[in-house]
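Peer 1: Sharing a structure here in structure tokens format.
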Amino acid sequence: MIARRRWLLGAALLGVRRRPFAHALAFLSLCGAVFTVALVGSAGSATVSAVQRQNVLEWGWEPTVQVKLAHGVEAGEAERWRRLLERSLGGAGAAEIELRAVPGRAIVGGTPIDDLRARAPSARRVWPLPVLSGRWLEREEGPAVQLVVNEAAAQAAGRLWPARVRWLEGGEVAAIVVGVVDDGKAAPEAYLPLEAVPAGAWRTSAATIHLSARAASEADLLRLVGMLQGSWDDAGAVDAIVPTSTFRRGSEAVAVVARIFLGVAAATLALGALTVANVGLASVRERTRELLLRKAFGAQGWELALLVALEAQLVAVAAAALALPLAYAANLAVVQLLVEPRFAVGAPGFPWEWTAFGVAAGMGAAAWGALAPAVRAARLAVADMMRE
Amino acid sequence: MTHLLVLERVSRVVGLPGGRALVVLDEVDLTLDPGEIVAVVGPSGSGKSTLLAIAGLLDRPTSGEVWVAGHRAARAAECGRCRWREATFGYVFQRFWLVPHLSALENVELPLAQRGIGRRERRERSVAMLARLGLGDRLRHRPAELSGGEQQRVGIARALAPRPKLVVADEPTGSLDAAAAGEVIACLVEAARELEAAVLLATHDERVAAAADRILRLEAGRLAS
């Protein structure tokens with residue numbers, strides 16, 4: 001059955017070749033539509049990802065709320081607060097502890113790294129930074145403290161990994177570097193597991209405990225802060241940080257741009273469909289003789305409709321083939337424009353969903369535009385041939 | 001023997017503004033046997049083209065029946081009529097109806113391609129048919145580069161290349177001068193006889209009709225003989 005209708009493809013190609021200028025117009029129009037749709041989607045999602053990443057790098061925690069318990073909190077107490085936050089936010093893993101400004105220094109390859117941070121091992125679940133080499137805080141049996149250093153520290157140490165950690169109170173312990181992380185920071189930093197920090201270090205004034213927690217909304221955050229301030233002895237020690245603001249600002253900017261682009265995309269799609277309709281109707285009018293002949297030779301009405309629709313689809317596919325690489329290139333440019341250079345690590349992805357959606361939108365616009373010409377072609381009255 | 005084509009009390013009524021009706025064909029009976037060449041003659045407006053359109057399954061009668069090789073066709077579904085058109089009929093039109101942007105060869109190939117005939121075979125058949133009609137040196141010429149007589153010969157080649165059982169030719173010489181008309185009708189009749197195809201021919205020219213085996217006269221929508 002398909003082999004019997006191979007002529008349709010040949011006839012459609014012939015139709016496109018016959019009216020190059022009109023079809024070029026439809027091609028450009030659909031090209032613009034596919035380009036805009038693909039760009040809106042891919043650049044939008046890539047920018048959101050980049051802003052999320054920026055947020056992660058800035059705050060060390062992807063989601064929305066951080067609560068700083070000033071200092072002097074024991075490990076057990078911090079853990080109690082973590083559980084409280086978790087219960088309040090309704091879910092295991094909703095809150096994590098980070099001990100910042102650990103009273104000690106890491107010495108890697110002879111280079112001292114003063115910015116030492118302790119994280120719960122589970123933090124890596126919610127802190128999806130790429131480890132460039134080695135592993136990321138894998139538990140290993142043995143006395144050595146496991147360190148992950150950032151790229152700046154790795155460069156400063158000349159990638160010589162003999163390492164140790166020297167606590168301000170409590171002497172020096174052996175350490176191994178298990179990973180290099182690209183955290184986008186210029187200053188050398190080292191991360192180590194929370195469990196490696198001696199109990200005494202929690203009470204020093206140099207230590208700051210951050211309880212990082214996911215809050216779904218601003219209201220949740222306010223409720224959380226209220227609860228903490230109401231139950232903490234020293235209300236001043238509770239400090240709420242809202243890393244969401246960065247993300248929100250970024251997202252809002254992206255949303256505004258996306259809305260504008262979506263409007264443009266809708267307009268270009270409508271324009272594309274109109275152009276296809278216009279070109280298609282003119283083509284059917286001009287090719288009435290050929291279409292009627294085909295009908296006299298045995299083609300059915302739906303086959304002529306399919307022929308007209310196929311012509312439009314050929315143009316749409318060609319338009320998509322040009323538009324998608326252009327959209328990818330523009331996507332790179334847009335993301336670099338919207339995201340701070342220090343956070344734009346690597347090229348943003350080009351989501352296949354948006355690639356597919358761009359092609360589908362172009363083909364959909366072409367199908368919609370081809371509807372009227374196709375119906376007209378199907379309804380051509382073959383009896384008119386004898387009356388001419 | 002089963003007739004190739006039978007028209008049984010076929011009428012065609014056309015509605016006019018003001019609720020009036022015009023009877024274009026009035027209970028016409030006609031039979032056509034395989035290989036037979038029949039001419040329908042009559043003045044302009046007598047209903048020749050309508051008769052041929054109905055006989056060629058391009059139009060439907062208001063009443064009556066059309067039989068094609070023993071099958072009822074007047075009220076058959078459109079897809080069935082399409083299949084009969086493809087398998088049984090070839091058409092020659094007064095104004096040639098060649099596709100202007102295609103060469104003579106491509107015009108002849110058009111119905112063959114639509115029947116799913118492979119590129120090589122349809123080229124061979126088209127070239128042979130055009131050569132048979134004296135256009136072997138005009139294969140690549142477009143219609144605008146051909147004379148009226150040559151264009152109609154391309155039209156005849158296009159009708160005959162798929163080897164139809166019946167060629168419906170509506171005023172095939174209507175747009176030609178007398179010399180070209182004689183040449184074209186001779187081509188049509190000879191090629192049709194060679195292929196054993198029947199021809200139903202409409203004309204107002206008695207000289208053209210003389211080439212047929214049988215002549216039917218249509219006057220005001222009725223067959224006179």
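Lettering and numbering for the structure tokens are positional, with chains as A, B, ... in the shown order, residues counted from 1 in each chain, and ligands counted from 1 in the shown order.
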May I ask you to extract the residues of chain A within 9 Å of chain B, using only C-alpha atoms, and to give them as a VMD selection string?
Peer 2: chain A and resid 3 to 8 18 287 289 to 290 293 to 301 381 to 388
Peer 1: Could you please take those selected residues and save N, CA, C and O atoms as an mmCIF file, in the first residue's frame?
Peer 2:
data_model
loop_
_atom_site.group_PDB
_atom_site.id
_atom_site.type_symbol
_atom_site.label_atom_id
_atom_site.label_comp_id
_atom_site.auth_asym_id
_atom_site.auth_seq_id
_atom_site.Cartn_x
_atom_site.Cartn_y
_atom_site.Cartn_z
ATOM 1 N N ALA A 3 4.065 1.346 -0.967
ATOM 2 C CA ALA A 3 4.796 1.370 -2.236
ATOM 3 C C ALA A 3 3.929 1.961 -3.345
ATOM 4 O O ALA A 3 4.419 2.682 -4.207
ATOM 5 N N ARG A 4 2.625 1.670 -3.268
ATOM 6 C CA ARG A 4 1.706 2.180 -4.296
ATOM 7 C C ARG A 4 1.570 3.696 -4.202
ATOM 8 O O ARG A 4 1.122 4.338 -5.146
ATOM 9 N N ARG A 5 1.942 4.239 -3.052
ATOM 10 C CA ARG A 5 1.772 5.686 -2.888
ATOM 11 C C ARG A 5 3.098 6.429 -2.822
ATOM 12 O O ARG A 5 3.176 7.532 -2.322
ATOM 13 N N ARG A 6 4.143 5.785 -3.338
ATOM 14 C CA ARG A 6 5.456 6.439 -3.381
ATOM 15 C C ARG A 6 5.413 7.691 -4.240
ATOM 16 O O ARG A 6 6.178 8.611 -4.040
ATOM 17 N N TRP A 7 4.499 7.691 -5.206
ATOM 18 C CA TRP A 7 4.401 8.841 -6.100
ATOM 19 C C TRP A 7 4.101 10.125 -5.337
ATOM 20 O O TRP A 7 4.459 11.217 -5.778
ATOM 21 N N LEU A 8 3.475 9.966 -4.166
ATOM 22 C CA LEU A 8 3.110 11.159 -3.383
ATOM 23 C C LEU A 8 4.361 11.951 -2.996
ATOM 24 O O LEU A 8 4.380 13.178 -3.074
ATOM 25 N N ARG A 18 8.876 23.372 -7.689
ATOM 26 C CA ARG A 18 8.234 24.205 -8.702
ATOM 27 C C ARG A 18 8.054 25.647 -8.253
ATOM 28 O O ARG A 18 8.066 26.554 -9.062
ATOM 29 N N ARG A 287 -1.849 24.733 -9.255
ATOM 30 C CA ARG A 287 -1.669 23.352 -9.705
ATOM 31 C C ARG A 287 -2.990 22.611 -9.874
ATOM 32 O O ARG A 287 -3.002 21.385 -9.894
ATOM 33 N N ARG A 289 -4.789 22.071 -12.359
ATOM 34 C CA ARG A 289 -4.781 21.186 -13.519
ATOM 35 C C ARG A 289 -4.071 19.866 -13.179
ATOM 36 O O ARG A 289 -4.591 18.792 -13.449
ATOM 37 N N GLU A 290 -2.890 20.002 -12.565
ATOM 38 C CA GLU A 290 -2.125 18.803 -12.237
ATOM 39 C C GLU A 290 -2.891 17.930 -11.229
ATOM 40 O O GLU A 290 -2.955 16.706 -11.372
ATOM 41 N N LEU A 293 -5.785 16.234 -12.866
ATOM 42 C CA LEU A 293 -5.283 15.131 -13.694
ATOM 43 C C LEU A 293 -4.991 13.914 -12.836
ATOM 44 O O LEU A 293 -5.350 12.794 -13.177
ATOM 45 N N ARG A 294 -4.354 14.164 -11.706
ATOM 46 C CA ARG A 294 -4.013 13.053 -10.810
ATOM 47 C C ARG A 294 -5.292 12.360 -10.328
ATOM 48 O O ARG A 294 -5.332 11.148 -10.169
ATOM 49 N N LYS A 295 -6.319 13.181 -10.099
ATOM 50 C CA LYS A 295 -7.586 12.595 -9.661
ATOM 51 C C LYS A 295 -8.202 11.763 -10.793
ATOM 52 O O LYS A 295 -8.715 10.671 -10.565
ATOM 53 N N ALA A 296 -8.118 12.292 -12.012
ATOM 54 C CA ALA A 296 -8.642 11.542 -13.154
ATOM 55 C C ALA A 296 -7.872 10.240 -13.344
ATOM 56 O O ALA A 296 -8.438 9.224 -13.736
ATOM 57 N N PHE A 297 -6.580 10.272 -13.028
ATOM 58 C CA PHE A 297 -5.765 9.061 -13.185
ATOM 59 C C PHE A 297 -5.995 8.071 -12.054
ATOM 60 O O PHE A 297 -5.346 7.034 -12.005
ATOM 61 N N GLY A 298 -6.845 8.432 -11.111
ATOM 62 C CA GLY A 298 -7.195 7.459 -10.077
ATOM 63 C C GLY A 298 -6.859 7.855 -8.659
ATOM 64 O O GLY A 298 -7.133 7.100 -7.731
ATOM 65 N N ALA A 299 -6.242 9.042 -8.460
ATOM 66 C CA ALA A 299 -5.927 9.449 -7.083
ATOM 67 C C ALA A 299 -7.218 9.786 -6.351
ATOM 68 O O ALA A 299 -8.150 10.335 -6.940
ATOM 69 N N GLN A 300 -7.271 9.460 -5.072
ATOM 70 C CA GLN A 300 -8.460 9.795 -4.289
ATOM 71 C C GLN A 300 -8.267 11.160 -3.643
ATOM 72 O O GLN A 300 -7.138 11.658 -3.536
ATOM 73 N N GLY A 301 -9.383 11.715 -3.205
ATOM 74 C CA GLY A 301 -9.336 13.052 -2.604
ATOM 75 C C GLY A 301 -8.355 13.119 -1.449
ATOM 76 O O GLY A 301 -7.561 14.057 -1.347
ATOM 77 N N ALA A 381 -13.293 19.167 -7.948
ATOM 78 C CA ALA A 381 -14.273 18.340 -8.660
ATOM 79 C C ALA A 381 -13.698 17.928 -9.999
ATOM 80 O O ALA A 381 -13.483 18.759 -10.884
ATOM 81 N N VAL A 382 -13.478 16.640 -10.140
ATOM 82 C CA VAL A 382 -12.832 16.140 -11.347
ATOM 83 C C VAL A 382 -13.742 16.298 -12.570
ATOM 84 O O VAL A 382 -13.267 16.369 -13.710
ATOM 85 N N ALA A 383 -15.053 16.426 -12.323
ATOM 86 C CA ALA A 383 -15.992 16.624 -13.436
ATOM 87 C C ALA A 383 -15.731 17.936 -14.161
ATOM 88 O O ALA A 383 -16.056 18.079 -15.342
ATOM 89 N N ASP A 384 -15.090 18.886 -13.441
ATOM 90 C CA ASP A 384 -14.825 20.189 -14.055
ATOM 91 C C ASP A 384 -13.840 20.094 -15.224
ATOM 92 O O ASP A 384 -13.759 20.990 -16.053
ATOM 93 N N MET A 385 -13.080 18.999 -15.253
ATOM 94 C CA MET A 385 -12.077 18.862 -16.308
ATOM 95 C C MET A 385 -12.721 18.903 -17.691
ATOM 96 O O MET A 385 -12.150 19.427 -18.632
ATOM 97 N N MET A 386 -13.892 18.305 -17.796
ATOM 98 C CA MET A 386 -14.552 18.241 -19.100
ATOM 99 C C MET A 386 -15.191 19.573 -19.476
ATOM 100 O O MET A 386 -15.529 19.793 -20.627
ATOM 101 N N ARG A 387 -15.401 20.436 -18.471
ATOM 102 C CA ARG A 387 -16.111 21.687 -18.757
ATOM 103 C C ARG A 387 -15.150 22.791 -19.180
ATOM 104 O O ARG A 387 -15.566 23.841 -19.585
ATOM 105 N N GLU A 388 -13.863 22.580 -19.002
ATOM 106 C CA GLU A 388 -12.890 23.631 -19.369
ATOM 107 C C GLU A 388 -12.720 23.698 -20.872
ATOM 108 O O GLU A 388 -12.552 22.670 -21.514
#
Peer 1: When you look at B:Gln151 with a cut-off of 9 Å (counting only C-alpha atoms), what residues show up, excluding the ones that are within fewer than 6 positions of it in the same chain? I need them as number ranges by chain.
Peer 2: B: 96, 98, 104, 143-144
Peer 1: Between atom CA of A:Ser42 and atom CA of A:Ala327, what is the spacing in Å?
Peer 2: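 Interatomic distance here is 8.3 Å.
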Peer 1: Measure the distance from atom CA of A:Leu324 to atom CA of A:Ala22 in Å and round it to one decimal.
Peer 2: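 Pair atom CA of A:Leu324 / atom CA of A:Ala22 returns 22.0 Å.
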Peer 1: Which parts of stretch 144-219 of chain B does DSSP call strand (DSSP E or B) when run on the backbone here, written out as a list in words?
Peer 2: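 Those residues are Leu166, Val167, Val168, Ala169, Asp170, Ala198, Val199, Leu200, Leu201, Ala202, Thr203, Arg214, Ile215, Leu216, Arg217, Leu218 and Glu219 of chain B.
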Peer 1: For the selection you just gave me, I'd like the residues written to a file as an mmCIF file, in the first residue's frame, keeping C-alpha atoms.
Peer 2:
data_model
loop_
_atom_site.group_PDB
_atom_site.id
_atom_site.type_symbol
_atom_site.label_atom_id
_atom_site.label_comp_id
_atom_site.auth_asym_id
_atom_site.auth_seq_id
_atom_site.Cartn_x
_atom_site.Cartn_y
_atom_site.Cartn_z
ATOM 1 C CA LEU B 166 -11.162 2.573 -22.827
ATOM 2 C CA VAL B 167 -10.032 6.032 -23.907
ATOM 3 C CA VAL B 168 -12.499 8.842 -23.339
ATOM 4 C CA ALA B 169 -11.614 11.654 -25.715
ATOM 5 C CA ASP B 170 -13.542 14.891 -25.402
ATOM 6 C CA ALA B 198 -11.923 1.136 -27.086
ATOM 7 C CA VAL B 199 -12.425 4.855 -27.735
ATOM 8 C CA LEU B 200 -15.416 6.986 -26.855
ATOM 9 C CA LEU B 201 -14.930 10.184 -28.748
ATOM 10 C CA ALA B 202 -16.936 13.393 -28.636
ATOM 11 C CA THR B 203 -16.671 15.777 -31.555
ATOM 12 C CA ARG B 214 -19.942 3.835 -35.015
ATOM 13 C CA ILE B 215 -21.380 7.321 -34.781
ATOM 14 C CA LEU B 216 -23.986 8.425 -32.236
ATOM 15 C CA ARG B 217 -25.801 11.738 -32.566
ATOM 16 C CA LEU B 218 -26.639 13.672 -29.455
ATOM 17 C CA GLU B 219 -29.216 16.445 -29.667
#
Peer 1: Extract, using only C-alpha atoms, all DNA, RNA and protein residues at most 12 Å from B:Gly134, discarding same-chain residues fewer than 2 positions from it, and format them as a compact mmCIF listing (two decimals) with N, CA and C atoms, in the first residue's frame.
Peer 2:
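Dumped everything to out.txt:
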# COMPACT_ATOMS: atom_id res chain seq x y z
N VAL B 127 8.67 6.57 -23.53
CA VAL B 127 9.49 6.88 -24.72
C VAL B 127 8.92 6.14 -25.93
N ALA B 128 8.57 4.87 -25.75
CA ALA B 128 8.03 4.07 -26.87
C ALA B 128 6.73 4.67 -27.37
N MET B 129 5.88 5.11 -26.46
CA MET B 129 4.58 5.65 -26.87
C MET B 129 4.75 6.98 -27.59
N LEU B 130 5.64 7.84 -27.07
CA LEU B 130 5.87 9.12 -27.73
C LEU B 130 6.50 8.90 -29.11
N ALA B 131 7.41 7.94 -29.20
CA ALA B 131 8.03 7.64 -30.49
C ALA B 131 6.97 7.10 -31.45
N ARG B 132 6.08 6.27 -30.93
CA ARG B 132 5.00 5.71 -31.75
C ARG B 132 4.14 6.82 -32.34
N GLY B 136 9.37 11.27 -30.96
CA GLY B 136 10.61 10.74 -30.41
C GLY B 136 11.69 11.78 -30.22
N ASP B 137 11.62 12.85 -30.99
CA ASP B 137 12.65 13.89 -30.87
C ASP B 137 12.17 15.07 -30.02
N ARG B 138 11.02 14.91 -29.38
CA ARG B 138 10.47 16.03 -28.59
C ARG B 138 10.31 15.66 -27.12
N LEU B 139 11.03 14.61 -26.70
CA LEU B 139 10.82 14.09 -25.34
C LEU B 139 11.03 15.14 -24.26
N GLY B 149 -0.91 20.52 -32.22
CA GLY B 149 -1.03 19.12 -32.64
C GLY B 149 -0.09 18.23 -31.84
N GLU B 150 1.12 18.73 -31.62
CA GLU B 150 2.10 17.94 -30.85
C GLU B 150 1.65 17.78 -29.40
N GLN B 151 1.12 18.87 -28.87
CA GLN B 151 0.63 18.80 -27.48
C GLN B 151 -0.48 17.75 -27.35
N GLN B 152 -1.37 17.72 -28.35
CA GLN B 152 -2.46 16.74 -28.24
C GLN B 152 -1.93 15.33 -28.42
N ARG B 153 -0.88 15.19 -29.21
CA ARG B 153 -0.30 13.85 -29.36
C ARG B 153 0.36 13.41 -28.04
N VAL B 154 0.94 14.38 -27.32
CA VAL B 154 1.47 14.05 -25.98
C VAL B 154 0.31 13.62 -25.09
N ILE B 156 -2.45 12.23 -26.02
CA ILE B 156 -2.87 10.87 -26.44
C ILE B 156 -1.88 9.83 -25.90
N ALA B 157 -0.60 10.16 -25.98
CA ALA B 157 0.42 9.23 -25.45
C ALA B 157 0.20 9.03 -23.95
N GLU B 183 -4.37 14.67 -38.48
CA GLU B 183 -3.18 13.95 -38.05
C GLU B 183 -3.39 13.35 -36.65
N VAL B 184 -3.94 14.17 -35.76
CA VAL B 184 -4.12 13.74 -34.37
C VAL B 184 -5.13 12.60 -34.28
N ALA B 186 -5.95 10.50 -36.53
CA ALA B 186 -5.37 9.29 -37.12
C ALA B 186 -4.45 8.61 -36.10
N CYS B 187 -3.64 9.44 -35.42
CA CYS B 187 -2.74 8.90 -34.39
C CYS B 187 -3.54 8.17 -33.32
N LEU B 188 -4.60 8.82 -32.86
CA LEU B 188 -5.39 8.26 -31.76
C LEU B 188 -6.01 6.93 -32.17
N ALA B 191 -3.26 4.14 -32.79
CA ALA B 191 -2.63 3.67 -31.55
C ALA B 191 -3.61 2.88 -30.71
Peer 1: Could you pull out the helix (DSSP H, G or I) residues of stretch 258-354 of chain A from DSSP and send them as a ChimeraX atom specification?
Peer 2: /A:258-286,288-296,301-338,341-343,352-354
Peer 1: Mind checking which residues fall within 6 Å of stretch 100-117 of chain A, counting only C-alpha atoms, ignoring those fewer than 6 positions away in the same chain, and posting them as a list in words?
Peer 2: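 So the residues in contact are Ala157, Leu160, Trp161, Pro162, Ala163, Arg164, Val165, Arg166, Trp167, Leu168, Glu189, Ala190, Tyr191, Ala207 and Thr208 of chain A.
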Peer 1: Convert the current residue selection to file output with C-alpha atoms, as a tab-separated table (two decimals), in the first residue's frame.
Peer 2:
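Result file part.tsv:
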chain	number	residue	atom	x	y	z
A	157	ALA	CA	48.88	22.25	45.91
A	160	LEU	CA	50.39	16.64	45.06
A	161	TRP	CA	48.04	14.72	47.29
A	162	PRO	CA	49.93	13.81	50.48
A	163	ALA	CA	47.63	15.51	52.95
A	164	ARG	CA	46.95	15.97	56.62
A	165	VAL	CA	44.58	17.96	58.82
A	166	ARG	CA	45.87	20.00	61.70
A	167	TRP	CA	43.24	20.88	64.30
A	168	LEU	CA	43.81	24.03	66.34
A	189	GLU	CA	38.79	25.21	50.07
A	190	ALA	CA	38.67	21.72	51.46
A	191	TYR	CA	35.67	19.67	52.49
A	207	ALA	CA	32.78	27.29	64.30
A	208	THR	CA	29.49	28.09	62.71
Peer 1: For A:Glu311, which residue among A:Val264, A:Pro193, A:Trp354, A:Leu13 is the nearest when counting only C-alpha atoms?
Peer 2: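 For A:Glu311, the nearest of the candidates is A:Leu13.
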